[in-house]
Every structure is written in C-alpha cells, then in structure tokens.
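Q: Coordinates in my_file11.txt, compact mmCIF, C-alpha atoms, are listed below.
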```txt
# COMPACT_ATOMS: atom_id res chain seq x y z
CA MET A 934 122.03 95.60 105.59
CA PRO A 935 120.85 99.15 105.20
CA ARG A 936 123.30 101.46 103.60
CA ARG A 937 124.47 104.32 105.77
CA LEU A 938 125.02 107.60 104.08
CA LYS A 939 128.16 109.46 104.92
CA ARG A 940 127.85 112.58 106.96
CA GLY A 941 130.10 115.52 106.32
CA GLY A 942 133.33 115.82 108.28
CA GLY A 943 133.19 112.24 109.53
CA GLN A 944 131.29 113.39 112.60
CA PRO A 945 129.67 110.88 114.90
CA ARG A 946 125.95 110.46 114.38
CA PRO A 947 124.03 111.82 117.35
CA TYR A 948 120.96 109.87 116.39
CA ALA A 949 119.80 106.32 116.13
CA LEU A 950 119.34 104.45 112.87
CA ARG A 951 116.03 102.82 112.26
CA PHE A 952 115.05 100.23 109.68
CA VAL A 953 112.17 101.08 107.48
CA GLY A 954 110.46 99.23 104.67
CA ALA A 955 110.46 95.55 103.96
CA ALA A 956 111.89 95.08 100.45
CA PRO A 957 115.63 94.46 100.39
CA ALA A 958 116.01 96.88 97.49
CA ALA A 959 114.39 99.47 99.66
CA ALA A 960 116.07 98.40 102.88
CA LEU A 961 116.42 101.85 104.13
CA PHE A 962 116.83 103.77 107.25
CA VAL A 963 115.70 106.93 108.87
CA ALA A 964 118.43 108.92 110.46
CA ALA A 965 116.70 111.61 112.42
CA ALA A 966 119.34 114.25 112.56
CA ALA A 967 119.19 116.79 115.34
CA ALA A 968 120.62 119.36 112.98
CA ALA A 969 122.98 119.22 110.04
CA ALA A 970 126.32 120.88 110.48
CA PRO A 971 125.89 124.29 108.87
CA GLU A 972 129.35 124.28 107.29
CA ALA A 973 128.98 120.92 105.53
CA PRO A 974 125.33 119.88 105.31
CA LYS A 975 124.75 116.40 103.95
CA LEU A 976 121.70 114.24 103.53
CA ALA A 977 120.55 112.85 106.87
CA GLY A 978 119.49 109.56 105.28
CA GLU A 979 116.98 107.94 102.98
CA VAL A 980 113.28 107.48 103.55
CA ASP A 981 110.59 105.33 102.07
CA ALA A 982 106.89 105.80 102.90
CA GLU A 983 107.29 104.40 106.42
CA GLY A 984 110.50 106.29 107.01
CA TYR A 985 108.85 109.50 105.94
CA ALA A 986 106.03 109.02 108.42
CA ALA A 987 108.57 108.26 111.16
CA ALA A 988 110.62 111.37 110.36
CA VAL A 989 107.51 113.56 110.64
CA ALA A 990 106.27 111.80 113.78
CA LYS A 991 109.62 112.38 115.44
CA GLN A 992 108.91 116.11 115.32
CA LYS A 993 105.59 115.85 117.17
CA GLY A 994 105.08 118.86 119.40
CA ARG A 995 106.46 121.18 116.74
CA VAL A 996 104.85 122.58 113.63
CA VAL A 997 106.45 120.66 110.77
CA LEU A 998 106.96 121.94 107.24
CA VAL A 999 108.12 119.30 104.77
CA ASN A 1000 109.41 120.41 101.39
CA PHE A 1001 109.90 117.98 98.49
CA TRP A 1002 112.59 119.14 96.09
CA ALA A 1003 115.08 118.01 93.48
CA THR A 1004 118.25 119.55 92.10
CA TRP A 1005 116.87 119.34 88.54
CA CYS A 1006 113.73 121.23 89.54
CA VAL A 1007 114.25 124.94 88.86
CA PRO A 1008 111.35 126.26 91.00
CA CYS A 1009 112.54 123.99 93.85
CA ARG A 1010 115.97 125.58 93.72
CA GLU A 1011 114.41 129.03 93.57
CA GLU A 1012 112.24 128.62 96.66
CA TYR A 1013 114.76 126.73 98.79
CA PRO A 1014 116.57 129.84 100.16
CA ASP A 1015 113.23 131.02 101.54
CA LEU A 1016 112.94 127.78 103.48
CA THR A 1017 116.36 128.18 105.08
CA ARG A 1018 115.41 131.75 106.03
CA LEU A 1019 112.03 130.65 107.36
CA GLU A 1020 113.53 127.87 109.46
CA LYS A 1021 116.04 130.22 111.07
CA ALA A 1022 113.34 132.78 111.83
CA TYR A 1023 110.84 130.35 113.37
CA ARG A 1024 112.79 127.43 114.84
CA ASP A 1025 112.72 128.98 118.33
CA LYS A 1026 108.99 129.48 118.01
CA GLY A 1027 108.37 125.80 117.39
CA LEU A 1028 108.92 125.21 113.67
CA ALA A 1029 110.74 122.18 112.29
CA VAL A 1030 111.56 122.04 108.59
CA LEU A 1031 112.38 118.80 106.77
CA GLY A 1032 113.58 118.56 103.19
CA ILE A 1033 113.02 115.48 101.04
CA SER A 1034 115.08 115.23 97.88
CA ILE A 1035 113.57 113.26 95.00
CA ASP A 1036 116.93 113.08 93.23
CA SER A 1037 118.16 109.69 92.10
CA VAL A 1038 121.42 108.08 93.21
CA LYS A 1039 123.19 109.29 90.08
CA ASP A 1040 122.45 112.88 91.11
CA MET A 1041 124.12 112.64 94.52
CA ALA A 1042 127.03 114.90 93.52
CA ALA A 1043 124.53 117.58 92.51
CA VAL A 1044 122.67 117.09 95.80
CA ASP A 1045 125.87 117.54 97.84
CA LYS A 1046 126.75 120.63 95.84
CA PHE A 1047 123.27 122.07 96.27
CA LEU A 1048 123.24 121.52 100.04
CA ALA A 1049 126.74 122.97 100.37
CA LYS A 1050 125.55 126.08 98.58
CA MET A 1051 122.22 126.43 100.41
CA LYS A 1052 123.58 125.55 103.86
CA PRO A 1053 120.26 124.40 105.33
CA GLU A 1054 120.26 124.06 109.10
CA PHE A 1055 117.50 121.48 108.98
CA PRO A 1056 117.63 117.81 108.02
CA ASN A 1057 117.26 116.74 104.41
CA TYR A 1058 116.58 113.16 103.37
CA ARG A 1059 116.48 111.48 100.00
CA LYS A 1060 113.49 109.49 98.87
CA ALA A 1061 114.82 105.99 98.67
CA SER A 1062 115.24 104.37 95.28
CA GLY A 1063 113.23 101.32 94.37
CA GLY A 1064 109.59 100.56 94.80
CA ASP A 1065 106.72 102.33 93.13
CA ASP A 1066 106.78 106.12 93.53
CA GLN A 1067 102.98 106.12 93.58
CA ILE A 1068 103.01 104.41 96.97
CA PHE A 1069 105.32 107.07 98.37
CA ILE A 1070 103.38 109.94 96.78
CA GLU A 1071 100.03 108.73 98.09
CA SER A 1072 101.46 108.07 101.55
CA VAL A 1073 102.36 111.76 101.74
CA ASP A 1074 99.07 113.05 100.34
CA LYS A 1075 96.42 111.19 98.39
CA ASP A 1076 95.71 114.24 96.22
CA TRP A 1077 99.33 114.92 95.35
CA GLY A 1078 99.97 114.23 91.68
CA GLY A 1079 103.76 114.03 92.09
CA GLU A 1080 104.58 117.55 90.87
CA LEU A 1081 107.58 119.33 92.38
CA PRO A 1082 108.10 121.38 94.42
CA PHE A 1083 105.49 120.31 96.95
CA THR A 1084 105.15 121.33 100.58
CA VAL A 1085 103.18 119.79 103.41
CA LEU A 1086 102.44 121.33 106.82
CA TYR A 1087 101.68 119.44 110.00
CA ALA A 1088 100.29 120.91 113.21
CA ARG A 1089 101.95 120.31 116.58
CA ASP A 1090 99.76 117.24 117.11
CA GLY A 1091 101.10 115.68 113.91
CA LYS A 1092 97.92 116.28 111.93
CA LYS A 1093 98.39 117.32 108.30
CA THR A 1094 96.86 120.78 107.88
CA LYS A 1095 97.94 122.18 104.52
CA VAL A 1096 99.58 121.30 101.24
CA LEU A 1097 101.17 123.75 98.83
CA SER A 1098 101.66 122.67 95.23
CA GLY A 1099 104.36 124.36 93.15
CA LYS A 1100 106.72 127.19 93.94
CA GLN A 1101 105.72 129.43 96.84
CA SER A 1102 106.82 132.85 98.04
CA PHE A 1103 108.39 133.46 101.44
CA ASP A 1104 105.21 135.28 102.46
CA THR A 1105 103.05 132.27 101.62
CA PHE A 1106 105.30 129.92 103.58
CA GLU A 1107 105.42 132.34 106.50
CA ALA A 1108 101.65 132.86 106.60
CA ALA A 1109 101.04 129.10 106.56
CA VAL A 1110 103.54 128.53 109.36
CA LYS A 1111 102.30 131.42 111.50
CA GLU A 1112 98.75 130.13 111.20
CA GLN A 1113 99.87 126.87 112.78
CA LEU A 1114 102.14 128.39 115.39
CA GLU A 1115 99.43 130.68 116.76
CA MET B 593 74.58 152.41 88.90
CA ASN B 594 78.34 152.36 89.51
CA LYS B 595 77.86 149.92 92.35
CA LEU B 596 75.89 147.67 90.03
CA LYS B 597 78.69 147.78 87.44
CA ILE B 598 81.28 146.95 90.08
CA ALA B 599 79.17 144.05 91.34
CA LEU B 600 78.74 142.72 87.79
CA CYS B 601 82.47 143.02 87.09
CA LEU B 602 83.21 141.18 90.32
CA ALA B 603 80.74 138.43 89.47
CA VAL B 604 82.25 137.96 86.00
CA THR B 605 85.79 137.93 87.43
CA LEU B 606 84.85 135.32 90.01
CA ALA B 607 83.12 133.19 87.39
CA LEU B 608 86.21 133.27 85.17
CA ALA B 609 88.46 132.49 88.12
CA GLY B 610 86.21 129.58 89.01
CA ALA B 611 86.38 128.27 85.47
CA ALA B 612 90.17 128.54 85.41
CA LEU B 613 90.44 126.61 88.65
CA ALA B 614 87.99 123.92 87.56
CA GLU B 615 88.65 120.50 89.01
CA ALA B 616 90.26 117.79 86.94
CA PRO B 617 87.79 115.81 84.82
CA ALA B 618 86.98 112.51 86.44
CA ILE B 619 87.57 109.15 84.79
CA GLY B 620 84.43 108.33 82.82
CA ALA B 621 83.48 111.99 82.43
CA ALA B 622 83.54 113.84 79.12
CA ALA B 623 87.06 115.05 78.32
CA PRO B 624 87.02 118.87 77.97
CA LYS B 625 87.08 119.85 74.32
CA PHE B 626 89.68 122.26 73.00
CA GLN B 627 91.36 123.46 69.84
CA LEU B 628 95.03 124.29 69.36
CA THR B 629 97.39 125.06 66.52
CA THR B 630 100.14 122.52 66.07
CA ILE B 631 103.81 123.47 65.73
CA ASP B 632 103.37 122.70 62.02
CA GLY B 633 100.71 125.39 61.84
CA LYS B 634 97.80 122.98 61.46
CA PRO B 635 94.57 123.21 63.46
CA PHE B 636 93.92 120.50 66.04
CA SER B 637 90.49 119.82 67.47
CA LEU B 638 90.02 117.19 70.16
CA ALA B 639 86.39 116.69 69.13
CA ASP B 640 87.45 115.90 65.55
CA ALA B 641 90.35 113.69 66.71
CA GLU B 642 88.03 111.60 68.90
CA LYS B 643 85.79 110.86 65.92
CA ALA B 644 88.71 109.80 63.72
CA ASN B 645 90.62 107.57 66.17
CA LYS B 646 90.11 104.67 68.57
CA ALA B 647 91.60 106.84 71.33
CA VAL B 648 93.55 110.07 71.76
CA VAL B 649 96.56 110.25 74.07
CA LEU B 650 97.08 113.77 75.42
CA MET B 651 100.58 114.17 76.79
CA PHE B 652 101.62 117.24 78.77
CA ILE B 653 105.31 117.41 77.97
CA ALA B 654 108.28 119.73 78.39
CA THR B 655 111.57 120.50 76.70
CA LYS B 656 113.67 121.00 79.84
CA CYS B 657 112.14 118.72 82.46
CA PRO B 658 114.44 115.71 83.08
CA TYR B 659 111.47 113.53 84.02
CA SER B 660 109.72 114.35 80.76
CA ASN B 661 112.90 114.04 78.71
CA ALA B 662 113.58 110.61 80.18
CA TYR B 663 110.55 109.46 78.17
CA ASN B 664 111.50 111.02 74.82
CA ASP B 665 112.52 107.74 73.19
CA ARG B 666 109.71 105.78 74.79
CA LEU B 667 107.11 108.25 73.53
CA ARG B 668 108.54 108.18 70.00
CA GLN B 669 108.35 104.39 69.98
CA MET B 670 104.90 104.19 71.55
CA ALA B 671 103.50 106.78 69.16
CA ALA B 672 104.91 104.85 66.20
CA ASP B 673 103.51 101.54 67.47
CA TYR B 674 100.05 102.76 68.42
CA THR B 675 99.44 105.22 65.58
CA LYS B 676 99.41 102.18 63.27
CA LYS B 677 96.67 100.74 65.46
CA GLY B 678 94.45 103.80 65.28
CA ILE B 679 95.48 105.73 68.40
CA LEU B 680 96.49 109.36 68.07
CA PHE B 681 99.32 110.78 70.21
CA VAL B 682 99.25 114.52 70.93
CA GLY B 683 102.01 116.32 72.81
CA ILE B 684 100.97 119.52 74.56
CA ASN B 685 103.53 121.98 75.87
CA SER B 686 101.89 124.32 78.41
CA ASN B 687 105.08 125.75 79.92
CA ASN B 688 105.18 129.51 79.45
CA THR B 689 108.98 129.26 79.85
CA GLU B 690 109.36 127.15 76.69
CA PRO B 691 108.61 129.06 73.47
CA GLU B 692 107.27 127.43 70.33
CA ALA B 693 110.63 127.54 68.52
CA GLU B 694 112.18 125.57 71.38
CA VAL B 695 109.32 123.06 71.33
CA LYS B 696 109.80 122.62 67.61
CA SER B 697 113.57 122.05 67.79
CA HIS B 698 113.11 119.69 70.75
CA ALA B 699 110.63 117.67 68.69
CA GLN B 700 112.98 117.57 65.70
CA LYS B 701 115.93 116.54 67.87
CA ASN B 702 113.93 113.67 69.34
CA LYS B 703 112.48 112.67 65.97
CA TRP B 704 108.95 113.09 67.24
CA ASP B 705 106.55 112.92 64.34
CA PHE B 706 103.36 112.86 66.35
CA THR B 707 101.10 115.91 66.74
CA ILE B 708 102.58 118.58 69.01
CA ALA B 709 101.08 121.91 70.01
CA LYS B 710 101.88 124.81 72.27
CA ASP B 711 99.17 125.64 74.78
CA PRO B 712 99.24 129.45 74.96
CA GLY B 713 98.24 130.70 78.40
CA ASN B 714 98.11 127.08 79.62
CA LYS B 715 94.38 127.03 78.91
CA VAL B 716 94.29 123.32 78.10
CA ALA B 717 96.39 122.48 81.17
CA ASP B 718 93.86 124.42 83.22
CA LEU B 719 90.93 122.62 81.59
CA TYR B 720 92.41 119.28 82.62
CA ASP B 721 93.97 120.55 85.85
CA ALA B 722 97.25 119.09 84.59
CA LYS B 723 100.01 119.85 87.04
CA ARG B 724 103.19 118.19 85.90
CA THR B 725 105.22 116.91 82.99
CA PRO B 726 104.94 114.26 81.86
CA GLU B 727 101.25 113.79 82.61
CA ILE B 728 98.99 111.70 80.40
CA TYR B 729 95.25 111.73 79.68
CA VAL B 730 93.68 109.16 77.39
CA VAL B 731 90.36 110.00 75.76
CA GLY B 732 88.26 107.20 74.31
CA ALA B 733 86.44 107.32 70.98
CA ASP B 734 83.26 108.21 72.89
CA GLY B 735 84.95 111.37 74.17
CA LYS B 736 85.25 110.16 77.75
CA LEU B 737 88.38 110.17 79.84
CA VAL B 738 89.57 106.59 80.37
CA TYR B 739 93.08 106.99 81.81
CA HIS B 740 95.03 109.64 83.70
CA GLY B 741 98.54 109.44 85.04
CA ARG B 742 101.98 108.24 84.15
CA ILE B 743 103.62 106.45 81.25
CA ASP B 744 105.17 103.84 83.52
CA GLU B 745 106.67 103.57 86.98
CA ASN B 746 110.38 103.69 86.07
CA TYR B 747 111.55 106.93 84.50
CA GLU B 748 115.21 106.06 84.91
CA GLU B 749 115.49 102.60 83.41
CA PRO B 750 113.19 101.74 80.52
CA THR B 751 114.44 98.16 80.45
CA LYS B 752 113.37 97.63 84.07
CA VAL B 753 109.80 98.87 83.77
CA THR B 754 107.43 96.57 85.62
CA SER B 755 104.24 98.60 85.32
CA PRO B 756 103.76 99.95 81.75
CA ASP B 757 100.51 101.65 82.72
CA LEU B 758 99.88 103.71 79.57
CA LYS B 759 100.69 100.80 77.29
CA ASN B 760 98.41 98.51 79.30
CA ALA B 761 95.58 101.03 79.07
CA LEU B 762 95.97 101.36 75.29
CA ASP B 763 96.12 97.60 74.80
CA GLN B 764 92.93 97.21 76.80
CA ILE B 765 91.19 99.89 74.74
CA LEU B 766 92.25 98.17 71.51
CA ALA B 767 90.99 94.86 72.88
CA GLY B 768 87.63 96.44 73.62
CA GLN B 769 88.11 96.05 77.35
CA ALA B 770 87.64 98.53 80.17
CA VAL B 771 90.90 100.07 81.37
CA SER B 772 91.68 98.30 84.65
CA LYS B 773 94.08 100.80 86.16
CA THR B 774 92.67 104.23 85.41
CA GLU B 775 94.67 106.52 87.72
CA THR B 776 98.41 106.40 88.34
CA LYS B 777 100.99 108.81 89.73
CA ALA B 778 104.63 109.65 89.28
CA PHE B 779 106.98 112.49 90.06
CA GLY B 780 107.40 115.24 87.52
CA CYS B 781 108.11 118.90 86.93
CA THR B 782 105.46 121.48 87.73
CA ILE B 783 103.87 123.01 84.62
CA LYS B 784 105.17 126.58 84.45
CA ARG B 785 101.96 128.54 84.11
CA ALA B 786 101.67 132.07 82.81
```
Please express the file's structure as structure tokens.

A:
Amino acid sequence: MPRRLKRGGGQPRPYALRFVGAAPAAALFVAAAAAAAPEAPKLAGEVDAEGYAAAVAKQKGRVVLVNFWATWCVPCREEYPDLTRLEKAYRDKGLAVLGISIDSVKDMAAVDKFLAKMKPEFPNYRKASGGDDQIFIESVDKDWGGELPFTVLYARDGKKTKVLSGKQSFDTFEAAVKEQLE
Amino acid sequence: MNKLKIALCLAVTLALAGAALAEAPAIGAAAPKFQLTTIDGKPFSLADAEKANKAVVLMFIATKCPYSNAYNDRLRQMAADYTKKGILFVGINSNNTEPEAEVKSHAQKNKWDFTIAKDPGNKVADLYDAKRTPEIYVVGADGKLVYHGRIDENYEEPTKVTSPDLKNALDQILAGQAVSKTETKAFGCTIKRA
C-alpha cells in the first residue's frame, strides 16, 4: 500500500491519489494538490520518476516552473522566497510552480519547519526514497548532474524549454517565466 | 585606434569567458592538467601524479555539504585501501565559502591523510566543469579521463550500497580492464564559485 502523507490541519484531500512506480520500496503516489493551505503548508506527496512526469503533465496548459531543493542546501533556502513571490505574481497569468524536495525521510521535521516558514502557495513534493537517484535525475534532464538547487521550465504544451543550474536571482526566474508566458 | 583597442579587449574577454565555460572533458579525452598547492603547503601537479600512479582520483569535496560529508568515512577507507595499490586520491575544495583553515581542520577531524588542496578561484572546477560535491573524476595513467560521477548510489546508508561505482571503476583499472560504467550521477551540493 502506498503511504499517504499527512496534510496540515487534517483537511480532506481535494485531489485523487495515483500509484506510481513499480518497486514496493518505491510504491509511491502523486497527490496533485490544487493548492497548499497557506497557513500550514505540507508536502503534497512523494514522487518517483513517473510521478514527477505526471505532476508536470497535470499542469499542461500552464507554464510550469519546477524547483528542486533541500533543507540542507543553503542556496536552495536562499532562492526559495523568490519562488513564492514569483508564483504569487504570475499565477493569474498562467504560471504553475512545483517544488520537489530532495530531503530524506529523516529530514521531514526540517522540511515541515521550512515550509511553515516559507508559506509556499504552490505544491511541494518529496522525491521518494529508494531506487537509484540517477534514474530520477536523468528522467528530469539528461544533462543534469544532480547539483542543487536546480530549476526546470516547461512551456504551456508541456515541452521542456529551459533549465537553470544553481542559485538564481528573482530577475532570472522572472525573465525565464515571462519569456514562456508571452 | 581606440576602436581597435576596444575590439581587442572585447575579443580577449570573450576568449577568456569561453575558456572558463569550457565543456566538461569527455570520457576518453585527456584530463585537463593543473597545479595546486596542498593544504600541507606542497605543490601538486596532475601531470606528475599521472606518471607516478596507476590512476588519480580527483574528488571535488566540501566541508559543509551533507552529501559530501556522508562520504567522509568511506573516502578515508577507500583512500587507505587503494593508495596501497598504487592509486592516488586527491581532494579538491573549490568552494569559495570554505577557507583553507576550515578545509584543513575538516581533514584533520575526519582523519583524512590523502592529498587535499584548495582550488582558489575554482579554476580546476571550471576546467572540469565540476558542478557539485561530491563529484569524482578518475584519470588513468595515460592521462585520460576514465570515470566521472558518484562514489556510490546510497549516500545515506553505506551498508546498503548496491552500486559501488567508484570502487568498481578502480578495481577494473587495477585489473587492466576498461571501466564498464564510466558516467554516473547523484545528488549533491552546488560548488560555491567565486
């Protein structure tokens, strides 16, 4: 059985659960959250390579910015507030932001604390434990070496259009998003 | 005349920028040569090291990155095991946020007795297009790059490693075989460039 992650406040889940992956150790689900509750944001679920693709595909019709982060990654923490600001500024213009935490299970308390502090109004998932990270990394982008932070942009048709390696400024994020929204 | 000077300056600047952003050396290509000073104050030359060893393991490492630190014990053990067999381990710290004194105390704390050097201005990281810590490059005795990637696939649990990629590559080199898995990937911390 896939493990369901708790959502803050014991709220009902307004989205369907979906199995992803084949290995029992990575028996995971994608919970495509409509939006996390701003006052108590929690992870929306776990994703493996298939789950990641499904989470992005679900946003088809919108420009999608996916940011890979971890609580132990200082530049990730530094750029994250810019993502929450960007998402608020451009959500009505067609932008969807997804966060993917690379933290391990033992870091879940730090993840909860981080999300509570950042208050993202977009869904964040955790890369599922188990399996070979190389498969996940290459499913996202074949040229990605695994460094964090890492950001991927998709056009409205779901086509990957840009990758940004390392910490970015708000202006860089905004320019990349505007280019796709136009 | 001034226009000519400006054009020349621009050309030189672009050439330097191009060099700094050079692509990563491919497997089988000559590993870029460099010289550094170790944290013990000794000179290190990759060209000299290649001649004196069966292989050289270049490890881009960090003092604060949890992914890199998860391998501290494994690197100490591997360096001890493979140095006896003629393979040289070299730790390179290219993070501009981690000064030499910190690199030195980190090495002492972890009982690392392999060669370690700071990479001022991340010039060596740029030469190899290294992006994260830990990130490994293995250079054969002929000076060619034979392996690039991770130490293994399980940073969290050393006892549950199923794909010891660096170890496999070194064992194949020592056995006179071609490295079968030459490129691997893992998560890691971005190298903090100047």

Q: Step by step: start from the point (109.2, 105.3, 92.1) in the file's coordinates, keep every protein, DNA or RNA residue that has an atom no farther than 8 Å from it, count only C-alpha atoms, and write the set as a short mmCIF file (atom, residue, chain, number, x, y, z; two decimals) with C-alpha atoms, in the frame of the given file.

A:
```
data_model
loop_
_atom_site.label_atom_id
_atom_site.label_comp_id
_atom_site.auth_asym_id
_atom_site.auth_seq_id
_atom_site.Cartn_x
_atom_site.Cartn_y
_atom_site.Cartn_z
CA SER A 1062 115.24 104.37 95.28
CA GLY A 1063 113.23 101.32 94.37
CA GLY A 1064 109.59 100.56 94.80
CA ASP A 1065 106.72 102.33 93.13
CA ASP A 1066 106.78 106.12 93.53
CA GLN A 1067 102.98 106.12 93.58
CA ILE A 1068 103.01 104.41 96.97
CA PHE A 1069 105.32 107.07 98.37
CA GLU B 745 106.67 103.57 86.98
CA ASN B 746 110.38 103.69 86.07
CA ALA B 778 104.63 109.65 89.28
CA PHE B 779 106.98 112.49 90.06
#
```

Q: Find the residue from B:Gly683, B:Pro726, B:Gly768, B:Pro750 that sits nearest to chain A; use all atoms listed in the file when measuring.

A: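 Nearest candidate to chain A out of B:Gly683, B:Pro726, B:Gly768, B:Pro750: B:Pro726.
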
Q: Using only C-alpha atoms and a cutoff of 12 Å, can you tell me which residues are near (111.5, 105.9, 79.6) in the file's coordinates, and write them out as a PyMOL selection string?

A: chain B and resi 658-670+726+742-756+758

Q: Suppose we keep C-alpha atoms; can you now write the selection as a JSON list (two decimals), in the coordinates of the input?

A:
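For reference, result_23.json as written:
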```json
[["chain", "number", "residue", "atom", "x", "y", "z"],
["B", 658, "PRO", "CA", 114.44, 115.71, 83.08],
["B", 659, "TYR", "CA", 111.47, 113.53, 84.02],
["B", 660, "SER", "CA", 109.72, 114.35, 80.76],
["B", 661, "ASN", "CA", 112.90, 114.04, 78.71],
["B", 662, "ALA", "CA", 113.58, 110.61, 80.18],
["B", 663, "TYR", "CA", 110.55, 109.46, 78.17],
["B", 664, "ASN", "CA", 111.50, 111.02, 74.82],
["B", 665, "ASP", "CA", 112.52, 107.74, 73.19],
["B", 666, "ARG", "CA", 109.71, 105.78, 74.79],
["B", 667, "LEU", "CA", 107.11, 108.25, 73.53],
["B", 668, "ARG", "CA", 108.54, 108.18, 70.00],
["B", 669, "GLN", "CA", 108.35, 104.39, 69.98],
["B", 670, "MET", "CA", 104.90, 104.19, 71.55],
["B", 726, "PRO", "CA", 104.94, 114.26, 81.86],
["B", 742, "ARG", "CA", 101.98, 108.24, 84.15],
["B", 743, "ILE", "CA", 103.62, 106.45, 81.25],
["B", 744, "ASP", "CA", 105.17, 103.84, 83.52],
["B", 745, "GLU", "CA", 106.67, 103.57, 86.98],
["B", 746, "ASN", "CA", 110.38, 103.69, 86.07],
["B", 747, "TYR", "CA", 111.55, 106.93, 84.50],
["B", 748, "GLU", "CA", 115.21, 106.06, 84.91],
["B", 749, "GLU", "CA", 115.49, 102.60, 83.41],
["B", 750, "PRO", "CA", 113.19, 101.74, 80.52],
["B", 751, "THR", "CA", 114.44, 98.16, 80.45],
["B", 752, "LYS", "CA", 113.37, 97.63, 84.07],
["B", 753, "VAL", "CA", 109.80, 98.87, 83.77],
["B", 754, "THR", "CA", 107.43, 96.57, 85.62],
["B", 755, "SER", "CA", 104.24, 98.60, 85.32],
["B", 756, "PRO", "CA", 103.76, 99.95, 81.75],
["B", 758, "LEU", "CA", 99.88, 103.71, 79.57]]
```

Q: Please indicate the distance in Å from CA of Ala1088 in chain A to CA of Cys781 in chain B, rounded to one decimal place.

A: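 According to the coordinates, CA of Ala1088 in chain A and CA of Cys781 in chain B are separated by 27.5 Å.
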
Q: Could you list, as a CSV table (one decimal) with C-alpha atoms, in the frame of the given file, every residue of chain A that has an atom within 9 Å of an atom of chain B, counting only C-alpha atoms?

A:
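Final output, result04.csv:
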```csv
chain,number,residue,atom,x,y,z
A,1005,TRP,CA,116.9,119.3,88.5
A,1006,CYS,CA,113.7,121.2,89.5
A,1007,VAL,CA,114.2,124.9,88.9
A,1008,PRO,CA,111.4,126.3,91.0
A,1035,ILE,CA,113.6,113.3,95.0
A,1037,SER,CA,118.2,109.7,92.1
A,1064,GLY,CA,109.6,100.6,94.8
A,1065,ASP,CA,106.7,102.3,93.1
A,1066,ASP,CA,106.8,106.1,93.5
A,1067,GLN,CA,103.0,106.1,93.6
A,1068,ILE,CA,103.0,104.4,97.0
A,1070,ILE,CA,103.4,109.9,96.8
A,1071,GLU,CA,100.0,108.7,98.1
A,1077,TRP,CA,99.3,114.9,95.4
A,1078,GLY,CA,100.0,114.2,91.7
A,1079,GLY,CA,103.8,114.0,92.1
A,1080,GLU,CA,104.6,117.6,90.9
A,1081,LEU,CA,107.6,119.3,92.4
A,1082,PRO,CA,108.1,121.4,94.4
A,1098,SER,CA,101.7,122.7,95.2
A,1099,GLY,CA,104.4,124.4,93.2
A,1100,LYS,CA,106.7,127.2,93.9
```

Q: I'd like the neighbourhood of range 710-717 of chain B as number ranges by chain, where a residue qualifies if any of its atoms comes within 10 Å (using all atoms listed in the file), though same-chain residues fewer than 3 positions away should be ignored.

A: B: 612, 616, 624-631, 652-653, 683-688, 690-693, 695-696, 720-724, 783-786

Q: With C-alpha atoms retained, could you export that selection as an mmCIF file, in the frame of the given file?

A:
```cif
data_model
loop_
_atom_site.group_PDB
_atom_site.id
_atom_site.type_symbol
_atom_site.label_atom_id
_atom_site.label_comp_id
_atom_site.auth_asym_id
_atom_site.auth_seq_id
_atom_site.Cartn_x
_atom_site.Cartn_y
_atom_site.Cartn_z
ATOM 1 C CA ALA B 612 90.170 128.540 85.410
ATOM 2 C CA ALA B 616 90.260 117.790 86.940
ATOM 3 C CA PRO B 624 87.020 118.870 77.970
ATOM 4 C CA LYS B 625 87.080 119.850 74.320
ATOM 5 C CA PHE B 626 89.680 122.260 73.000
ATOM 6 C CA GLN B 627 91.360 123.460 69.840
ATOM 7 C CA LEU B 628 95.030 124.290 69.360
ATOM 8 C CA THR B 629 97.390 125.060 66.520
ATOM 9 C CA THR B 630 100.140 122.520 66.070
ATOM 10 C CA ILE B 631 103.810 123.470 65.730
ATOM 11 C CA PHE B 652 101.620 117.240 78.770
ATOM 12 C CA ILE B 653 105.310 117.410 77.970
ATOM 13 C CA GLY B 683 102.010 116.320 72.810
ATOM 14 C CA ILE B 684 100.970 119.520 74.560
ATOM 15 C CA ASN B 685 103.530 121.980 75.870
ATOM 16 C CA SER B 686 101.890 124.320 78.410
ATOM 17 C CA ASN B 687 105.080 125.750 79.920
ATOM 18 C CA ASN B 688 105.180 129.510 79.450
ATOM 19 C CA GLU B 690 109.360 127.150 76.690
ATOM 20 C CA PRO B 691 108.610 129.060 73.470
ATOM 21 C CA GLU B 692 107.270 127.430 70.330
ATOM 22 C CA ALA B 693 110.630 127.540 68.520
ATOM 23 C CA VAL B 695 109.320 123.060 71.330
ATOM 24 C CA LYS B 696 109.800 122.620 67.610
ATOM 25 C CA TYR B 720 92.410 119.280 82.620
ATOM 26 C CA ASP B 721 93.970 120.550 85.850
ATOM 27 C CA ALA B 722 97.250 119.090 84.590
ATOM 28 C CA LYS B 723 100.010 119.850 87.040
ATOM 29 C CA ARG B 724 103.190 118.190 85.900
ATOM 30 C CA ILE B 783 103.870 123.010 84.620
ATOM 31 C CA LYS B 784 105.170 126.580 84.450
ATOM 32 C CA ARG B 785 101.960 128.540 84.110
ATOM 33 C CA ALA B 786 101.670 132.070 82.810
#
```

Q: Hey, can you check how far CA of Asp1036 in chain A sits from CA of Ala1108 in chain A?

A: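 These two atoms are separated by 28.3 Å.
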
Q: Report, as JSON, the centre and edge lengths in Å (one decimal) of the axis-aligned box enclosing every listed atom of range 1029-1043 of chain A, padded by 5 Å on each side.

A:
```
{"center_x": 118.9, "center_y": 115.1, "center_z": 101.2, "size_x": 26.3, "size_y": 24.1, "size_z": 32.2}
```

Q: Please measure the separation of CA of Val1096 in chain A and CA of Val997 in chain A, giving the value in Å to one decimal.

A: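 Value for the CA of Val1096 in chain A-CA of Val997 in chain A distance: 11.8 Å.
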
Q: Between A:Arg1010, A:Val996, A:Tyr1058, A:Lys1075, which is the closest to Lys1026 in chain A once you count all atoms listed in the file?

A: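 Checking each candidate against Lys1026 in chain A, we get A:Val996 as the closest.
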
Q: Of the candidates A:Asp1040, A:Asp1076, A:Glu1020, A:Asp1015, which shows the shortest atom-to-atom distance to Phe1103 in chain A, using all atoms listed in the file?

A: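 Among A:Asp1040, A:Asp1076, A:Glu1020, A:Asp1015, it is A:Asp1015 that comes nearest to Phe1103 in chain A.
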